[in-house]
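To keep things clear, I will list the structure first and then write my remarks on it.
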Amino acid sequence: MPDRFDLPAGFRWGAATAAYQIEGAVEEDGRGPSVWDVFAARPGAVRDGHTGAVACDHYHRYPEDIALMKGLGLDGYRFSIAWPRIRPTGSGPVNPAGLAFYDRLVDALLEAGIAPLPTLFHWDLPQGLEDHGGWLNRDTAYRFAEYAAVVVDELGDRIPTWITLNEPFVHTVFGYALGTHAPGRTLMFEALPAAHHQLLAHGLAASVLHDRGLEAMLSNNLTPVRPASSDPADVAAAAAYDTLHNRLFTDPVLLGRYPDLSTLGVPDDIYGAVHPGDVDLIHAPGLDGLGLNFYNPTRVAAPTDPALPFTLVDIPDAPHTAFGWPVVPEALTQLLLQLRDSYGKALPPITITENGCSVTEDTVPDQPRIDFMATHLDALAAAVAEGIDIRGYYTWSLIDNYEWAEGYHQRFGLVHVDFATQQRTPKASYAWYRDLIAAHQARRRR
């Protein structure tokens, strides 16, 4: 089997973070409130009442964090831009101090020899837009395109490739359907207009990028879906879940059409959200690269809840991360091959924009994370050997950070953060990844 060294010469090694999870400084330099600021202040919404008010204090400590990236030998760094820093209410006047922060960050990255890969939206919607419906309101897609234009006009001279959205499936389901993430709505399938409006926002922003000669990517959380058995009811349930989790967020962008939503009991117009010409707006700009966030496969059985057409069940005999997610590295190879088989020539080059794990009692010795990364990189190399065009790997995450509704309880970082003192301590996985990158780069030079 190919190993993690059997990767293309130009393969990009990176690490990823997101604004609300690391920046802190939520009330500094004109930043407006986001849905996560409001949600985290709600009693019981986040474990132990944790908020992102300070997080990793990256807003002030970014030079230290870039030094850690340089020490790893990273080729690239994926981060997100906080919409509330740029337009504090989501529309209206631009905040110069917000743009200035990202100017400094990008220049510092480039000086360190690290290519910036920004994400324009990673779940921190300005609360001012949520007050008018958030992603349930079609107007938000157009406000996003305006915000995207402001940011790329400021930074696009130094950054050729941009990610529009991060994981619209997760934001829709956890934020609008189940209420476990901000903004905390519990609409079940009636949350799906939020999915469509995010995809519309992607299409509009991708056009903004292409108009300026820049490349547009979209990062989706995708999962290979396995029926619990060969029983037709389990097989049908798995197909329904695959439609919801994977195809709903990929088919419109790559194929120019929505999948059949009848198995979900959802109308073709997604409760009136899809207007004539919308899918063309989503599809027409084209996708220069697909960002793939992969953590685990999903096993599905026939429904037990009348409100859902499927039931998610555990994968037997698989080890689990501290988050309770099954560890099945070969599922990454399976997913990549499925994408090729499903989309053929419509599939653009792929970058793994997130992959990593939370480790129980995570301290500096973190062998389970090393094992996770090593086996998933081997699975990635197996897909490359099958002809899949994969351009890079960004591990989640560079540093321990605020893990959404789990607060500071789940640690994904290559670098340990003491949240009381903000001291950074590289873990064993940091050294392992540094040595792996160095070995691969040495092979490039041969």
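Residues are named by chain letter and number: chains run A, B, ... in the order of the structure tokens, numbers start at 1 in each chain, and ligands are numbered from 1 in the order shown.
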**Request:** Please provide the set of residues having any atom within 12 Å of Val266 (chain A), restricted to only C-alpha atoms, with same-chain residues fewer than 5 positions apart removed, written as a list in words.
**Result:**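 In the requested form, the answer reads Met188, Phe189, Glu190, Ala191, Leu192, Pro193, Ala240, Thr243, Leu244, Leu248, Tyr258, Pro259, Asp260, Leu261, Tyr271, Gly272, Ala273, Leu308 and Pro309 of chain A.
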Residues from last step as file, N, CA, C and O atoms, as a PDB file, in the first residue's frame:
ATOM      1  N   MET A 188     -35.632  21.659  12.464  1.00  0.00           N
ATOM      2  CA  MET A 188     -35.562  20.384  11.754  1.00  0.00           C
ATOM      3  C   MET A 188     -35.454  20.635  10.237  1.00  0.00           C
ATOM      4  O   MET A 188     -34.678  21.477   9.830  1.00  0.00           O
ATOM      5  N   PHE A 189     -36.214  19.942   9.399  1.00  0.00           N
ATOM      6  CA  PHE A 189     -36.031  20.086   7.954  1.00  0.00           C
ATOM      7  C   PHE A 189     -36.419  21.469   7.437  1.00  0.00           C
ATOM      8  O   PHE A 189     -35.960  21.875   6.361  1.00  0.00           O
ATOM      9  N   GLU A 190     -37.207  22.184   8.192  1.00  0.00           N
ATOM     10  CA  GLU A 190     -37.537  23.541   7.755  1.00  0.00           C
ATOM     11  C   GLU A 190     -36.355  24.489   7.898  1.00  0.00           C
ATOM     12  O   GLU A 190     -36.443  25.676   7.544  1.00  0.00           O
ATOM     13  N   ALA A 191     -35.226  23.971   8.382  1.00  0.00           N
ATOM     14  CA  ALA A 191     -33.978  24.743   8.388  1.00  0.00           C
ATOM     15  C   ALA A 191     -33.317  24.770   7.020  1.00  0.00           C
ATOM     16  O   ALA A 191     -32.385  25.565   6.802  1.00  0.00           O
ATOM     17  N   LEU A 192     -33.750  23.956   6.073  1.00  0.00           N
ATOM     18  CA  LEU A 192     -33.017  23.802   4.820  1.00  0.00           C
ATOM     19  C   LEU A 192     -32.949  25.055   3.957  1.00  0.00           C
ATOM     20  O   LEU A 192     -32.026  25.171   3.137  1.00  0.00           O
ATOM     21  N   PRO A 193     -33.855  26.032   4.080  1.00  0.00           N
ATOM     22  CA  PRO A 193     -33.577  27.292   3.373  1.00  0.00           C
ATOM     23  C   PRO A 193     -32.227  27.895   3.746  1.00  0.00           C
ATOM     24  O   PRO A 193     -31.588  28.552   2.917  1.00  0.00           O
ATOM     25  N   ALA A 240     -30.937   8.163   2.009  1.00  0.00           N
ATOM     26  CA  ALA A 240     -31.538   9.435   2.422  1.00  0.00           C
ATOM     27  C   ALA A 240     -30.524  10.292   3.167  1.00  0.00           C
ATOM     28  O   ALA A 240     -30.418  11.507   2.932  1.00  0.00           O
ATOM     29  N   THR A 243     -27.978  11.808   0.856  1.00  0.00           N
ATOM     30  CA  THR A 243     -28.552  12.967   0.160  1.00  0.00           C
ATOM     31  C   THR A 243     -28.448  14.220   1.027  1.00  0.00           C
ATOM     32  O   THR A 243     -28.039  15.286   0.559  1.00  0.00           O
ATOM     33  N   LEU A 244     -28.805  14.094   2.292  1.00  0.00           N
ATOM     34  CA  LEU A 244     -28.798  15.250   3.184  1.00  0.00           C
ATOM     35  C   LEU A 244     -27.383  15.733   3.486  1.00  0.00           C
ATOM     36  O   LEU A 244     -27.085  16.931   3.380  1.00  0.00           O
ATOM     37  N   LEU A 248     -26.673  17.112  -1.111  1.00  0.00           N
ATOM     38  CA  LEU A 248     -27.374  18.396  -1.047  1.00  0.00           C
ATOM     39  C   LEU A 248     -26.403  19.562  -1.158  1.00  0.00           C
ATOM     40  O   LEU A 248     -26.735  20.617  -1.714  1.00  0.00           O
ATOM     41  N   TYR A 258     -30.027  20.163  -7.793  1.00  0.00           N
ATOM     42  CA  TYR A 258     -30.204  19.547  -6.486  1.00  0.00           C
ATOM     43  C   TYR A 258     -30.521  18.066  -6.659  1.00  0.00           C
ATOM     44  O   TYR A 258     -31.145  17.664  -7.654  1.00  0.00           O
ATOM     45  N   PRO A 259     -30.129  17.232  -5.696  1.00  0.00           N
ATOM     46  CA  PRO A 259     -30.534  15.823  -5.740  1.00  0.00           C
ATOM     47  C   PRO A 259     -32.029  15.703  -5.464  1.00  0.00           C
ATOM     48  O   PRO A 259     -32.678  16.660  -5.036  1.00  0.00           O
ATOM     49  N   ASP A 260     -32.558  14.519  -5.700  1.00  0.00           N
ATOM     50  CA  ASP A 260     -33.963  14.233  -5.378  1.00  0.00           C
ATOM     51  C   ASP A 260     -34.145  14.268  -3.864  1.00  0.00           C
ATOM     52  O   ASP A 260     -33.559  13.463  -3.137  1.00  0.00           O
ATOM     53  N   LEU A 261     -34.937  15.211  -3.391  1.00  0.00           N
ATOM     54  CA  LEU A 261     -35.123  15.391  -1.954  1.00  0.00           C
ATOM     55  C   LEU A 261     -36.371  14.691  -1.435  1.00  0.00           C
ATOM     56  O   LEU A 261     -36.711  14.835  -0.259  1.00  0.00           O
ATOM     57  N   TYR A 271     -38.951  24.534   0.482  1.00  0.00           N
ATOM     58  CA  TYR A 271     -39.840  25.424   1.243  1.00  0.00           C
ATOM     59  C   TYR A 271     -39.832  26.845   0.686  1.00  0.00           C
ATOM     60  O   TYR A 271     -39.851  27.823   1.433  1.00  0.00           O
ATOM     61  N   GLY A 272     -39.809  26.930  -0.644  1.00  0.00           N
ATOM     62  CA  GLY A 272     -39.902  28.233  -1.292  1.00  0.00           C
ATOM     63  C   GLY A 272     -38.593  28.986  -1.394  1.00  0.00           C
ATOM     64  O   GLY A 272     -38.566  30.107  -1.922  1.00  0.00           O
ATOM     65  N   ALA A 273     -37.491  28.407  -0.939  1.00  0.00           N
ATOM     66  CA  ALA A 273     -36.213  29.134  -0.931  1.00  0.00           C
ATOM     67  C   ALA A 273     -35.569  29.203  -2.315  1.00  0.00           C
ATOM     68  O   ALA A 273     -34.864  30.166  -2.621  1.00  0.00           O
ATOM     69  N   LEU A 308     -37.648  11.722  11.351  1.00  0.00           N
ATOM     70  CA  LEU A 308     -36.458  11.574  10.532  1.00  0.00           C
ATOM     71  C   LEU A 308     -36.540  10.311   9.687  1.00  0.00           C
ATOM     72  O   LEU A 308     -37.056   9.282  10.148  1.00  0.00           O
ATOM     73  N   PRO A 309     -35.981  10.343   8.470  1.00  0.00           N
ATOM     74  CA  PRO A 309     -36.001   9.142   7.620  1.00  0.00           C
ATOM     75  C   PRO A 309     -34.784   8.248   7.810  1.00  0.00           C
ATOM     76  O   PRO A 309     -34.499   7.409   6.962  1.00  0.00           O
TER      77      PRO A 309
END
**Polymer residues at most 6 Å from Ala206 (chain A), only C-alpha atoms, same-chain spacing of 3 or more positions, as number ranges by chain** = A: 202-203, 209, 216, 285
**Item:** Contacts of Gly73 (chain A) at 9 Å (only C-alpha atoms; same-chain gap of 6+ positions) as a PyMOL selection string
**Value:** chain A and resi 13-14+113-114+434-435+437-438
**Prompt:** In Å to one decimal, how far is CA of Pro349 (chain A) from CA of Asp6 (chain A)?
**Reply:**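 Taking CA of Asp6 (chain A) and CA of Pro349 (chain A), their separation equals 17.2 Å.
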**Request:** May I have the residues within 7 Å of Phe39 (chain A) as JSON, numbers by chain, using only C-alpha atoms and disregarding those fewer than 5 positions away in the same chain?
**Result:** {"A": [45, 182, 183, 184]}
**Request:** Report as an MDAnalysis selection string: the residues of region 110-346 of chain A with a DSSP assignment of alpha helix (DSSP H), based on the backbone of this structure.
**Result:** chainID A and resid 110:111 127:130 139:155 168:170 192:211 232:242 248:255 278:283 330:343
**Item:** Close residues, region 142-146 of chain A itself excluded, 12 Å, only C-alpha atoms, min 5 positions apart in chain, as a PyMOL selection string
**Value:** chain A and resi 82-84+86-87+89-94+120-121+125-126+128-130+132+134-135+137+151-153+164-165+197-209+281
**Pick from A:Val173, A:Asp418, A:Phe323, A:Ser342, whichever lies nearest to Asp251 (chain A) using only C-alpha atoms** =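 Under the stated criterion, the closest residue is A:Ser342.
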Residues of region 242-330 of chain A that approach region 385-399 of chain A to 10 Å or less, counting only C-alpha atoms: could you list each one with the shortest pair of atoms and its distance in Å to one decimal, rows by chain and increasing residue number, as a Markdown table?
| residue | atom | partner | partner_atom | distance |
| --- | --- | --- | --- | --- |
| A:Gly289 | CA | A:Arg391 | CA | 9.0 |
| A:Leu290 | CA | A:Ile390 | CA | 9.5 |
| A:Gly291 | CA | A:Gly392 | CA | 9.6 |
| A:Leu292 | CA | A:Tyr393 | CA | 9.4 |
| A:Asn293 | CA | A:Tyr394 | CA | 9.2 |
| A:Phe294 | CA | A:Trp396 | CA | 10.0 |
| A:Tyr295 | CA | A:Trp396 | CA | 9.8 |
Could you save those same residues with all heavy atoms as a compact mmCIF listing (two decimals), in the first residue's frame?
# COMPACT_ATOMS: atom_id res chain seq x y z
N GLY A 289 -11.47 24.35 -6.74
CA GLY A 289 -10.99 23.29 -5.85
C GLY A 289 -12.06 22.97 -4.84
O GLY A 289 -12.84 23.84 -4.44
N LEU A 290 -12.14 21.72 -4.44
CA LEU A 290 -13.06 21.29 -3.41
C LEU A 290 -12.29 21.06 -2.12
O LEU A 290 -11.34 20.26 -2.08
CB LEU A 290 -13.78 20.00 -3.82
CG LEU A 290 -14.74 19.40 -2.78
CD1 LEU A 290 -15.90 20.34 -2.51
CD2 LEU A 290 -15.25 18.03 -3.23
N GLY A 291 -12.67 21.79 -1.07
CA GLY A 291 -12.10 21.54 0.23
C GLY A 291 -12.87 20.43 0.92
O GLY A 291 -14.10 20.48 0.99
N LEU A 292 -12.17 19.43 1.39
CA LEU A 292 -12.79 18.28 2.04
C LEU A 292 -12.38 18.25 3.50
O LEU A 292 -11.20 18.11 3.83
CB LEU A 292 -12.36 16.99 1.33
CG LEU A 292 -12.79 15.67 1.98
CD1 LEU A 292 -14.30 15.58 2.13
CD2 LEU A 292 -12.27 14.49 1.17
N ASN A 293 -13.37 18.39 4.38
CA ASN A 293 -13.15 18.21 5.82
C ASN A 293 -13.61 16.82 6.18
O ASN A 293 -14.81 16.50 6.04
CB ASN A 293 -13.95 19.24 6.61
CG ASN A 293 -13.48 20.66 6.38
OD1 ASN A 293 -12.50 20.90 5.69
ND2 ASN A 293 -14.19 21.62 6.96
N PHE A 294 -12.68 15.98 6.61
CA PHE A 294 -13.03 14.59 6.89
C PHE A 294 -12.62 14.21 8.30
O PHE A 294 -11.47 14.43 8.71
CB PHE A 294 -12.36 13.63 5.90
CG PHE A 294 -12.65 12.19 6.25
CD1 PHE A 294 -13.87 11.61 5.92
CD2 PHE A 294 -11.73 11.43 6.96
CE1 PHE A 294 -14.16 10.30 6.29
CE2 PHE A 294 -12.02 10.12 7.32
CZ PHE A 294 -13.24 9.56 6.98
N TYR A 295 -13.57 13.60 9.01
CA TYR A 295 -13.30 13.10 10.36
C TYR A 295 -13.69 11.64 10.53
O TYR A 295 -12.99 10.89 11.20
CB TYR A 295 -14.03 13.97 11.39
CG TYR A 295 -13.44 15.35 11.50
CD1 TYR A 295 -13.97 16.42 10.78
CD2 TYR A 295 -12.32 15.58 12.28
CE1 TYR A 295 -13.41 17.69 10.85
CE2 TYR A 295 -11.75 16.85 12.37
CZ TYR A 295 -12.29 17.90 11.64
OH TYR A 295 -11.73 19.14 11.71
**Message:** Just list as a PyMOL selection string whatever in region 83-281 of chain A DSSP marks as strand (DSSP E).
**Reply:** chain A and resi 115-121+161-166+215-221+225-227
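Using only C-alpha atoms for every distance, the candidate list A:Ala97, A:Ile22, A:Leu155, A:Val279 yields A:Ile22 as the residue closest to Thr51 (chain A).
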**Request:** Could you check which of A:Leu117, A:Ala381, A:Ala238, A:Leu254 is closest to Pro8 (chain A), using only C-alpha atoms?
**Result:** A:Ala381
**Request:** Identify which of the residues A:Pro297, A:Gly256, A:Pro118, A:Pro303 lies closest to Trp162 (chain A), counting only C-alpha atoms when measuring atom-to-atom distances.
**Result:** A:Pro118
**Asked** Taking only C-alpha atoms into account, which of A:Val328, A:Val313, A:Ala301, A:Ile370 comes nearest Asp231 (chain A)?
**Response**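 Ranking A:Val328, A:Val313, A:Ala301, A:Ile370 by distance to Asp231 (chain A), first place goes to A:Ala301.
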**Message:** Restricting the calculation to only C-alpha atoms: of A:Leu264, A:Ala9, A:Ala67, A:His50, which residue gets closest to Gln441 (chain A)?
**Reply:**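 Between A:Leu264, A:Ala9, A:Ala67, A:His50, the residue approaching Gln441 (chain A) most closely is A:Ala9.
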**Message:** Quick check, in Å to one decimal: how far apart do CA of Asp57 (chain A) and CA of Phe419 (chain A) lie?
**Reply:**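 CA of Phe419 (chain A) lies at a distance of 9.2 Å from CA of Asp57 (chain A).
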**Fill in**
note - CA of Val26 (chain A) and CA of Arg85 (chain A) are separated by 8.7 Å
